[in-house]
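Chemist: Below is coords.pdb; it holds PDB, C-alpha atoms.
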ATOM      1  CA  MET A   1     133.883 140.936 128.185
ATOM      2  CA  SER A   2     136.570 143.538 127.414
ATOM      3  CA  THR A   3     136.952 142.107 123.906
ATOM      4  CA  LEU A   4     133.185 142.155 123.363
ATOM      5  CA  SER A   5     132.942 145.745 124.584
ATOM      6  CA  ARG A   6     135.746 146.797 122.252
ATOM      7  CA  VAL A   7     134.069 145.131 119.255
ATOM      8  CA  ILE A   8     130.725 146.757 120.059
ATOM      9  CA  ARG A   9     132.339 150.209 120.337
ATOM     10  CA  ARG A  10     134.158 149.698 117.033
ATOM     11  CA  ASP A  11     131.004 148.576 115.195
ATOM     12  CA  ARG A  12     128.927 151.412 116.623
ATOM     13  CA  ARG A  13     131.514 153.955 115.456
ATOM     14  CA  ALA A  14     131.365 152.340 112.008
ATOM     15  CA  GLY A  15     127.572 152.724 111.945
ATOM     16  CA  ARG A  16     126.839 148.991 111.977
ATOM     17  CA  ALA A  17     123.675 147.625 113.531
ATOM     18  CA  LEU A  18     123.904 145.408 116.605
ATOM     19  CA  LEU A  19     121.368 142.586 116.441
ATOM     20  CA  THR A  20     120.720 140.948 119.822
ATOM     21  CA  GLY A  21     118.715 137.922 118.912
ATOM     22  CA  ARG A  22     117.900 135.627 116.056
ATOM     23  CA  GLU A  23     114.736 134.230 114.585
ATOM     24  CA  PRO A  24     114.408 130.451 114.722
ATOM     25  CA  GLU A  25     114.826 128.847 111.325
ATOM     26  CA  VAL A  26     112.747 125.749 110.698
ATOM     27  CA  ALA A  27     114.022 123.301 108.127
ATOM     28  CA  GLY A  28     111.718 123.046 105.151
ATOM     29  CA  SER A  29     109.841 126.224 106.032
ATOM     30  CA  ARG A  30     108.382 128.202 103.144
ATOM     31  CA  ARG A  31     110.438 131.181 101.987
ATOM     32  CA  PRO A  32     108.952 134.520 103.063
ATOM     33  CA  ASP A  33     107.969 136.908 100.295
ATOM     34  CA  PRO A  34     109.568 140.306 100.982
ATOM     35  CA  LEU A  35     107.903 141.787  97.901
ATOM     36  CA  SER A  36     104.450 141.246  99.348
ATOM     37  CA  GLU A  37     105.409 142.022 102.955
ATOM     38  CA  LEU A  38     107.042 145.421 102.380
ATOM     39  CA  GLY A  39     104.760 147.855 104.168
ATOM     40  CA  LEU A  40     106.083 151.386 103.786
ATOM     41  CA  ASP A  41     104.496 154.205 105.794
ATOM     42  CA  VAL A  42     105.727 157.236 103.914
ATOM     43  CA  VAL A  43     104.984 160.930 103.582
ATOM     44  CA  ALA A  44     105.068 162.277 100.031
ATOM     45  CA  GLU A  45     106.725 165.604  99.355
ATOM     46  CA  LYS A  46     106.479 167.267  95.967
ATOM     47  CA  GLY A  47     109.387 169.430  94.968
ATOM     48  CA  GLY A  48     110.169 171.712  92.079
ATOM     49  CA  GLY A  49     109.593 170.196  88.664
ATOM     50  CA  GLY A  50     106.881 167.915  90.012
ATOM     51  CA  GLN A  51     109.254 165.255  91.399
ATOM     52  CA  VAL A  52     107.908 163.377  94.395
ATOM     53  CA  PHE A  53     110.377 162.211  97.025
ATOM     54  CA  LEU A  54     109.390 160.237 100.092
ATOM     55  CA  ARG A  55     110.682 160.366 103.638
ATOM     56  CA  GLU A  56     110.680 156.961 105.268
ATOM     57  CA  GLN A  57     110.048 157.047 109.013
ATOM     58  CA  LYS A  58     110.735 153.530 110.284
ATOM     59  CA  HIS A  59     113.834 151.410 110.923
ATOM     60  CA  LEU A  60     116.118 154.420 110.413
ATOM     61  CA  ALA A  61     118.345 153.455 113.356
ATOM     62  CA  GLN A  62     120.286 151.120 111.046
ATOM     63  CA  VAL A  63     120.780 153.678 108.259
ATOM     64  CA  PRO A  64     123.751 156.076 108.431
ATOM     65  CA  VAL A  65     122.323 159.403 107.235
ATOM     66  CA  LEU A  66     125.505 161.156 108.509
ATOM     67  CA  VAL A  67     123.858 164.471 109.431
ATOM     68  CA  PRO A  68     121.681 165.110 112.529
ATOM     69  CA  GLY A  69     118.107 165.732 111.449
ATOM     70  CA  ALA A  70     118.597 164.262 107.972
ATOM     71  CA  GLN A  71     116.235 161.779 106.361
ATOM     72  CA  VAL A  72     116.612 158.948 103.892
ATOM     73  CA  VAL A  73     115.307 160.363 100.627
ATOM     74  CA  HIS A  74     113.278 158.143  98.330
ATOM     75  CA  THR A  75     114.966 159.146  95.111
ATOM     76  CA  PRO A  76     114.261 156.913  92.098
ATOM     77  CA  ALA A  77     117.617 155.213  92.753
ATOM     78  CA  VAL A  78     116.731 154.395  96.380
ATOM     79  CA  ARG A  79     113.351 153.022  95.374
ATOM     80  CA  SER A  80     114.994 150.866  92.711
ATOM     81  CA  VAL A  81     117.562 149.467  95.183
ATOM     82  CA  LEU A  82     114.749 148.750  97.658
ATOM     83  CA  ARG A  83     112.865 146.664  95.110
ATOM     84  CA  THR A  84     115.992 144.932  93.798
ATOM     85  CA  VAL A  85     117.060 143.807  97.284
ATOM     86  CA  ALA A  86     113.536 142.611  98.116
ATOM     87  CA  HIS A  87     113.405 140.684  94.829
ATOM     88  CA  ALA A  88     116.789 139.065  95.498
ATOM     89  CA  ALA A  89     115.746 138.074  99.026
ATOM     90  CA  ALA A  90     112.527 136.541  97.693
ATOM     91  CA  VAL A  91     114.190 134.297  95.109
ATOM     92  CA  GLY A  92     117.685 133.769  96.525
ATOM     93  CA  ALA A  93     119.437 135.625  93.706
ATOM     94  CA  VAL A  94     122.808 137.278  93.147
ATOM     95  CA  VAL A  95     122.724 141.049  92.527
ATOM     96  CA  CYS A  96     125.449 143.614  91.873
ATOM     97  CA  LEU A  97     125.088 147.130  93.267
ATOM     98  CA  TYR A  98     127.537 149.555  91.714
ATOM     99  CA  GLY A  99     128.197 153.222  90.981
ATOM    100  CA  ASP A 100     130.832 155.873  91.625
ATOM    101  CA  ALA A 101     131.993 156.583  95.184
ATOM    102  CA  GLY A 102     129.679 158.842  97.173
ATOM    103  CA  GLN A 103     126.557 158.286  95.091
ATOM    104  CA  GLY A 104     124.626 156.799  98.034
ATOM    105  CA  LYS A 105     125.052 153.051  97.471
ATOM    106  CA  THR A 106     125.692 152.217 101.123
ATOM    107  CA  VAL A 107     122.791 154.281 102.467
ATOM    108  CA  ALA A 108     120.411 152.917  99.821
ATOM    109  CA  LEU A 109     121.530 149.345 100.543
ATOM    110  CA  GLN A 110     121.320 149.623 104.330
ATOM    111  CA  TYR A 111     117.924 151.271 104.021
ATOM    112  CA  ALA A 112     116.676 148.482 101.737
ATOM    113  CA  LEU A 113     118.004 145.814 104.115
ATOM    114  CA  SER A 114     116.342 147.509 107.091
ATOM    115  CA  GLN A 115     112.989 147.368 105.303
ATOM    116  CA  LEU A 116     113.056 143.602 104.741
ATOM    117  CA  PRO A 117     110.400 141.712 106.739
ATOM    118  CA  HIS A 118     113.134 139.703 108.513
ATOM    119  CA  PRO A 119     116.187 141.980 108.902
ATOM    120  CA  ALA A 120     117.701 139.561 111.441
ATOM    121  CA  ARG A 121     118.359 137.171 108.535
ATOM    122  CA  VAL A 122     120.780 139.640 106.941
ATOM    123  CA  ARG A 123     124.453 138.681 107.278
ATOM    124  CA  ARG A 124     127.397 140.919 106.339
ATOM    125  CA  VAL A 125     130.753 139.732 105.038
ATOM    126  CA  HIS A 126     133.722 142.040 105.695
ATOM    127  CA  VAL A 127     136.718 141.325 103.460
ATOM    128  CA  GLY A 128     140.149 142.886 103.251
ATOM    129  CA  VAL A 129     141.982 143.878 100.099
ATOM    130  CA  HIS A 130     142.617 140.931  97.754
ATOM    131  CA  PRO A 131     141.718 138.159 100.212
ATOM    132  CA  THR A 132     142.870 134.623  99.516
ATOM    133  CA  VAL A 133     140.333 131.814  99.159
ATOM    134  CA  PRO A 134     141.046 130.494 102.696
ATOM    135  CA  GLU A 135     140.544 134.019 104.087
ATOM    136  CA  LEU A 136     137.252 134.403 102.212
ATOM    137  CA  ARG A 137     136.150 130.950 103.403
ATOM    138  CA  ARG A 138     136.837 131.988 106.997
ATOM    139  CA  VAL A 139     134.919 135.295 106.850
ATOM    140  CA  LEU A 140     131.991 133.568 105.136
ATOM    141  CA  ALA A 141     131.934 130.999 107.943
ATOM    142  CA  ASP A 142     131.964 133.797 110.525
ATOM    143  CA  ALA A 143     129.088 135.594 108.769
ATOM    144  CA  LEU A 144     127.069 132.376 108.656
ATOM    145  CA  GLU A 145     127.872 131.710 112.333
ATOM    146  CA  LEU A 146     129.674 128.447 111.649
ATOM    147  CA  GLY A 147     132.725 129.633 113.539
ATOM    148  CA  ARG A 148     134.751 126.901 115.200
ATOM    149  CA  ARG A 149     132.592 124.145 113.689
ATOM    150  CA  LEU A 150     134.157 124.610 110.240
ATOM    151  CA  PRO A 151     136.243 121.521 109.327
ATOM    152  CA  ARG A 152     139.920 121.933 108.523
ATOM    153  CA  GLY A 153     139.670 120.197 105.161
ATOM    154  CA  ALA A 154     138.742 122.548 102.300
ATOM    155  CA  GLY A 155     136.269 120.099 100.724
ATOM    156  CA  GLU A 156     134.390 119.434 103.959
ATOM    157  CA  ALA A 157     134.409 123.125 104.865
ATOM    158  CA  ASP A 158     132.981 124.101 101.479
ATOM    159  CA  LEU A 159     130.246 121.481 101.821
ATOM    160  CA  MET A 160     129.280 122.948 105.204
ATOM    161  CA  LEU A 161     129.154 126.419 103.637
ATOM    162  CA  VAL A 162     126.933 125.173 100.799
ATOM    163  CA  ASN A 163     124.547 123.550 103.278
ATOM    164  CA  ALA A 164     124.402 126.775 105.322
ATOM    165  CA  LEU A 165     123.613 128.750 102.166
ATOM    166  CA  ARG A 166     120.473 126.670 101.662
ATOM    167  CA  GLN A 167     118.795 128.690 104.399
ATOM    168  CA  PRO A 168     116.716 131.667 103.175
ATOM    169  CA  ARG A 169     118.658 134.777 104.148
ATOM    170  CA  VAL A 170     120.606 137.673 102.603
ATOM    171  CA  LEU A 171     124.399 137.770 102.538
ATOM    172  CA  VAL A 172     125.902 141.210 101.850
ATOM    173  CA  LEU A 173     129.475 141.562 100.623
ATOM    174  CA  ASP A 174     130.470 145.210 100.411
ATOM    175  CA  GLU A 175     133.593 146.455  98.592
ATOM    176  CA  ALA A 176     133.302 143.485  96.231
ATOM    177  CA  GLN A 177     135.804 145.133  93.872
ATOM    178  CA  ARG A 178     138.503 144.063  96.341
ATOM    179  CA  LEU A 179     137.984 140.399  95.479
ATOM    180  CA  PRO A 180     140.567 138.852  93.124
ATOM    181  CA  GLY A 181     139.673 136.321  90.450
ATOM    182  CA  PRO A 182     140.214 133.150  92.556
ATOM    183  CA  ALA A 183     137.968 134.493  95.344
ATOM    184  CA  LEU A 184     135.225 135.334  92.826
ATOM    185  CA  GLU A 185     135.557 131.867  91.290
ATOM    186  CA  PHE A 186     135.161 130.428  94.798
ATOM    187  CA  LEU A 187     131.923 132.391  95.251
ATOM    188  CA  ARG A 188     130.700 131.115  91.906
ATOM    189  CA  GLY A 189     131.195 127.542  93.069
ATOM    190  CA  LEU A 190     129.264 128.153  96.297
ATOM    191  CA  TRP A 191     126.331 129.803  94.511
ATOM    192  CA  ASP A 192     125.439 126.996  92.118
ATOM    193  CA  HIS A 193     122.252 126.072  94.000
ATOM    194  CA  PRO A 194     121.839 128.327  97.048
ATOM    195  CA  ASP A 195     118.737 129.723  98.703
ATOM    196  CA  THR A 196     120.686 132.588 100.264
ATOM    197  CA  ALA A 197     120.593 135.848  98.304
ATOM    198  CA  LEU A 198     123.997 137.445  97.640
ATOM    199  CA  VAL A 199     124.411 141.221  97.310
ATOM    200  CA  LEU A 200     127.785 142.245  95.875
ATOM    201  CA  ALA A 201     128.268 145.999  96.256
ATOM    202  CA  GLY A 202     130.981 148.560  95.685
ATOM    203  CA  ALA A 203     132.383 151.154  93.321
ATOM    204  CA  GLY A 204     133.873 149.112  90.485
ATOM    205  CA  SER A 205     132.280 145.847  91.611
ATOM    206  CA  GLU A 206     130.650 145.427  88.198
ATOM    207  CA  ARG A 207     134.057 145.475  86.477
ATOM    208  CA  ALA A 208     135.432 142.904  88.906
ATOM    209  CA  LEU A 209     132.493 140.555  88.318
ATOM    210  CA  ARG A 210     132.715 140.916  84.544
ATOM    211  CA  ARG A 211     136.203 139.407  84.744
ATOM    212  CA  VAL A 212     134.624 136.140  85.953
ATOM    213  CA  PRO A 213     131.948 135.366  83.327
ATOM    214  CA  ALA A 214     130.681 132.280  85.161
ATOM    215  CA  LEU A 215     129.777 134.411  88.192
ATOM    216  CA  ALA A 216     128.585 137.382  86.146
ATOM    217  CA  SER A 217     126.132 135.100  84.341
ATOM    218  CA  ARG A 218     124.508 134.313  87.705
ATOM    219  CA  VAL A 219     123.786 137.986  88.499
ATOM    220  CA  LEU A 220     120.043 138.541  88.357
ATOM    221  CA  THR A 221     120.179 142.367  88.489
ATOM    222  CA  TRP A 222     122.924 144.886  87.776
ATOM    223  CA  GLU A 223     121.798 147.873  89.852
ATOM    224  CA  LEU A 224     123.466 151.204  89.086
ATOM    225  CA  VAL A 225     123.180 153.995  91.679
ATOM    226  CA  PRO A 226     123.715 157.158  89.601
ATOM    227  CA  ARG A 227     124.459 160.719  90.654
ATOM    228  CA  LEU A 228     121.542 163.086  91.209
ATOM    229  CA  ARG A 229     120.386 164.750  88.014
ATOM    230  CA  PRO A 230     120.462 168.567  88.019
ATOM    231  CA  GLY A 231     116.656 168.772  87.948
ATOM    232  CA  GLU A 232     116.403 166.526  91.038
ATOM    233  CA  VAL A 233     118.853 168.250  93.347
ATOM    234  CA  ALA A 234     116.728 171.043  94.872
ATOM    235  CA  ALA A 235     113.784 168.780  95.740
ATOM    236  CA  ALA A 236     116.035 165.950  96.937
ATOM    237  CA  MET A 237     117.995 168.230  99.275
ATOM    238  CA  ALA A 238     114.804 169.752 100.711
ATOM    239  CA  ALA A 239     113.625 166.220 101.501
ATOM    240  CA  PHE A 240     117.060 165.248 102.861
ATOM    241  CA  HIS A 241     117.283 168.058 105.436
ATOM    242  CA  SER A 242     115.011 170.915 106.445
ATOM    243  CA  LEU A 243     117.953 173.320 106.212
ATOM    244  CA  TRP A 244     117.595 173.322 102.411
ATOM    245  CA  GLU A 245     113.876 174.117 102.368
ATOM    246  CA  GLU A 246     114.464 177.889 102.570
ATOM    247  CA  VAL A 247     117.578 178.071 100.386
ATOM    248  CA  ALA A 248     117.062 179.778  97.042
ATOM    249  CA  GLU A 249     116.932 177.293  94.177
ATOM    250  CA  ASP A 250     119.489 179.346  92.230
ATOM    251  CA  ASP A 251     121.923 178.924  95.121
ATOM    252  CA  VAL A 252     121.342 175.163  95.189
ATOM    253  CA  VAL A 253     121.985 174.990  91.434
ATOM    254  CA  TRP A 254     125.190 177.036  91.898
ATOM    255  CA  VAL A 255     126.480 174.673  94.599
ATOM    256  CA  ASP A 256     125.741 171.605  92.495
ATOM    257  CA  GLU A 257     127.425 173.025  89.401
ATOM    258  CA  HIS A 258     130.573 174.195  91.200
ATOM    259  CA  VAL A 259     131.079 171.684  94.029
ATOM    260  CA  CYS A 260     128.693 168.755  94.527
ATOM    261  CA  HIS A 261     128.013 167.602  90.940
ATOM    262  CA  GLY A 262     125.122 165.380  92.028
ATOM    263  CA  ASN A 263     127.238 163.450  94.548
ATOM    264  CA  PHE A 264     125.135 162.687  97.633
ATOM    265  CA  ARG A 265     128.115 162.239  99.957
ATOM    266  CA  THR A 266     129.411 165.705  99.069
ATOM    267  CA  TRP A 267     125.944 167.174  99.673
ATOM    268  CA  ALA A 268     125.830 165.418 103.074
ATOM    269  CA  LYS A 269     129.232 166.849 104.061
ATOM    270  CA  LEU A 270     128.166 170.319 102.978
ATOM    271  CA  THR A 271     124.949 169.976 104.998
ATOM    272  CA  SER A 272     127.024 168.974 108.028
ATOM    273  CA  HIS A 273     129.161 172.125 107.721
ATOM    274  CA  LEU A 274     126.075 174.332 107.384
ATOM    275  CA  THR A 275     124.252 172.789 110.347
ATOM    276  CA  ALA A 276     127.373 173.362 112.468
ATOM    277  CA  GLU A 277     127.550 177.004 111.361
ATOM    278  CA  ILE A 278     123.923 177.850 112.136
ATOM    279  CA  TYR A 279     123.786 175.828 115.353
ATOM    280  CA  GLY A 280     122.537 177.993 118.217
ATOM    281  CA  LYS A 281     121.719 180.951 115.982
ATOM    282  CA  SER A 282     118.141 182.169 115.887
ATOM    283  CA  ARG A 283     116.624 182.834 112.456
ATOM    284  CA  ALA A 284     119.829 181.885 110.677
ATOM    285  CA  VAL A 285     119.516 182.164 106.906
ATOM    286  CA  VAL A 286     121.657 180.092 104.569
ATOM    287  CA  ASP A 287     122.686 182.610 101.909
ATOM    288  CA  ARG A 288     125.247 182.596  99.103
ATOM    289  CA  ARG A 289     128.029 183.900 101.342
ATOM    290  CA  MET A 290     127.496 181.147 103.907
ATOM    291  CA  LEU A 291     127.385 178.562 101.121
ATOM    292  CA  GLU A 292     130.673 179.853  99.715
ATOM    293  CA  ARG A 293     132.358 179.532 103.121
ATOM    294  CA  ALA A 294     131.064 175.973 103.582
ATOM    295  CA  CYS A 295     132.077 174.991 100.051
ATOM    296  CA  ALA A 296     135.567 176.392 100.646
ATOM    297  CA  ARG A 297     135.969 174.000 103.580
ATOM    298  CA  LEU A 298     135.234 171.104 101.240
ATOM    299  CA  MET A 299     137.043 172.177  98.085
ATOM    300  CA  GLY A 300     139.407 174.980  99.054
ATOM    301  CA  PRO A 301     138.985 178.580  97.815
ATOM    302  CA  LEU A 302     136.712 178.818  94.787
TER     303      LEU A 302
END
Could you show the structure in this file as structure tokens?
Modeler:
Amino acid sequence: MSTLSRVIRRDRRAGRALLTGREPEVAGSRRPDPLSELGLDVVAEKGGGGQVFLREQKHLAQVPVLVPGAQVVHTPAVRSVLRTVAHAAAVGAVVCLYGDAGQGKTVALQYALSQLPHPARVRRVHVGVHPTVPELRRVLADALELGRRLPRGAGEADLMLVNALRQPRVLVLDEAQRLPGPALEFLRGLWDHPDTALVLAGAGSERALRRVPALASRVLTWELVPRLRPGEVAAAMAAFHSLWEEVAEDDVVWVDEHVCHGNFRTWAKLTSHLTAEIYGKSRAVVDRRMLERACARLMGPL
């Protein structure tokens, strides 16, 4: 029990979801269609320039928005990741989710996974840096809940993994750029005829996969999560947190040009500093001076 409590505390601090239960899987059952079952109850918000961003109101407990009171923003990139993940889950495909650090890949991916009709079928694979093939085999077995039943022989163990991958579910491998060539070749061998969708995500994951052409050729979708464009920032931030709704657009443009550069993680950290500064103050106004102080905490003196 002490070990279980320690693991739960660690995973909660890391923002991972704790699933207490599992849907029964019936052999030969027809694959669910996430594309047709995605029911999104959203509120549209139109910002400057006519862009429409959406605030999603359900299943947010599994999505790390990092700032109290923040919302997952339906930018074009988030909507594209949502559809890509649903498509992969529907057909059992391999997809690669990539983009520079801090662009919002993890939030977009966790949000998309939380919106699947059967989120309990999602399995995560946590790998270290440059894992060996036996190490990758072991963490895959843990993710697929094979555990102690995995045979000692590599051939028998791989056959058990292949059989487990014939169940319709989604396997998520984050930080895929950590995988060396032999580990990627091992994945390629497992995904010759699977029904499990595989999401390979991480900054630089696309370059790692390109080094193994046999696996790269199996990727159905290469999904880039780009930085926010300058014309999107003001509306996206107003949808992300109410704090930005009253900030002058010129000030938002100034912050993006000098500090954030369209990087969502940097915007989230800045929002966290500002919410801490105005906490408990009545009628607090976020002006240029306050923005400069918060930016200095992130970047040093400007």
Chemist: Rank nothing, just name the residue among A:Thr196, A:Leu243, A:Val129, A:Asp174 nearest to Val162 of chain A, using all atoms listed in the file.
Modeler: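 So, comparing all the options, the nearest one is A:Thr196.
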Chemist: Could you name the residues that touch Glu277 of chain A at 9 Å or less, counting all atoms listed in the file, but leaving out those on the same chain fewer than 4 positions away, as a compact mmCIF listing (two decimals) with C-alpha atoms, keeping the file's coordinate frame?
Modeler:
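Writing done, so here's out-v2.txt:
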# COMPACT_ATOMS: atom_id res chain seq x y z
CA SER A 272 127.02 168.97 108.03
CA HIS A 273 129.16 172.12 107.72
CA LYS A 281 121.72 180.95 115.98
CA MET A 290 127.50 181.15 103.91
CA ALA A 294 131.06 175.97 103.58
Chemist: Selection in question (the file shown): the PyMOL selection byres ((chain A and resi 173) around 9). Which residues does it include, as a PyMOL selection string?
Modeler: chain A and resi 123-127+171-172+174-176+198-202
Chemist: Could you tell me which residues the PyMOL selection byres ((chain A and resi 255-269) around 6) returns for this structure, as a PyMOL selection string?
Modeler: chain A and resi 102-104+227-228+252-254+270-272
Chemist: If I take atom CA of Ala236 of chain A and atom CA of Ala112 of chain A, how far is one from the other in Å, to one decimal?
Modeler: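 We find that atom CA of Ala236 of chain A and atom CA of Ala112 of chain A lie 18.1 Å from each other.
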Chemist: Could you check the closest approach to Ala208 of chain A for each of A:His241, A:Lys105, A:His130, A:Arg169 and tell me which residue wins, using all atoms listed in the file?
Modeler: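 Of A:His241, A:Lys105, A:His130, A:Arg169, the one nearest Ala208 of chain A is A:His130, counting all atoms listed in the file.
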Chemist: Residue by residue, what does the PyMOL selection byres ((chain A and resi 181) around 12) grab here? Present the result as a CSV table (one decimal) with C-alpha atoms, in the coordinates of the input.
Modeler:
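For reference, out13.csv as written:
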chain,number,residue,atom,x,y,z
A,130,HIS,CA,142.6,140.9,97.8
A,131,PRO,CA,141.7,138.2,100.2
A,132,THR,CA,142.9,134.6,99.5
A,133,VAL,CA,140.3,131.8,99.2
A,176,ALA,CA,133.3,143.5,96.2
A,177,GLN,CA,135.8,145.1,93.9
A,178,ARG,CA,138.5,144.1,96.3
A,179,LEU,CA,138.0,140.4,95.5
A,180,PRO,CA,140.6,138.9,93.1
A,182,PRO,CA,140.2,133.2,92.6
A,183,ALA,CA,138.0,134.5,95.3
A,184,LEU,CA,135.2,135.3,92.8
A,185,GLU,CA,135.6,131.9,91.3
A,186,PHE,CA,135.2,130.4,94.8
A,187,LEU,CA,131.9,132.4,95.3
A,188,ARG,CA,130.7,131.1,91.9
A,207,ARG,CA,134.1,145.5,86.5
A,208,ALA,CA,135.4,142.9,88.9
A,209,LEU,CA,132.5,140.6,88.3
A,210,ARG,CA,132.7,140.9,84.5
A,211,ARG,CA,136.2,139.4,84.7
A,212,VAL,CA,134.6,136.1,86.0
A,213,PRO,CA,131.9,135.4,83.3
A,214,ALA,CA,130.7,132.3,85.2
A,215,LEU,CA,129.8,134.4,88.2
A,216,ALA,CA,128.6,137.4,86.1
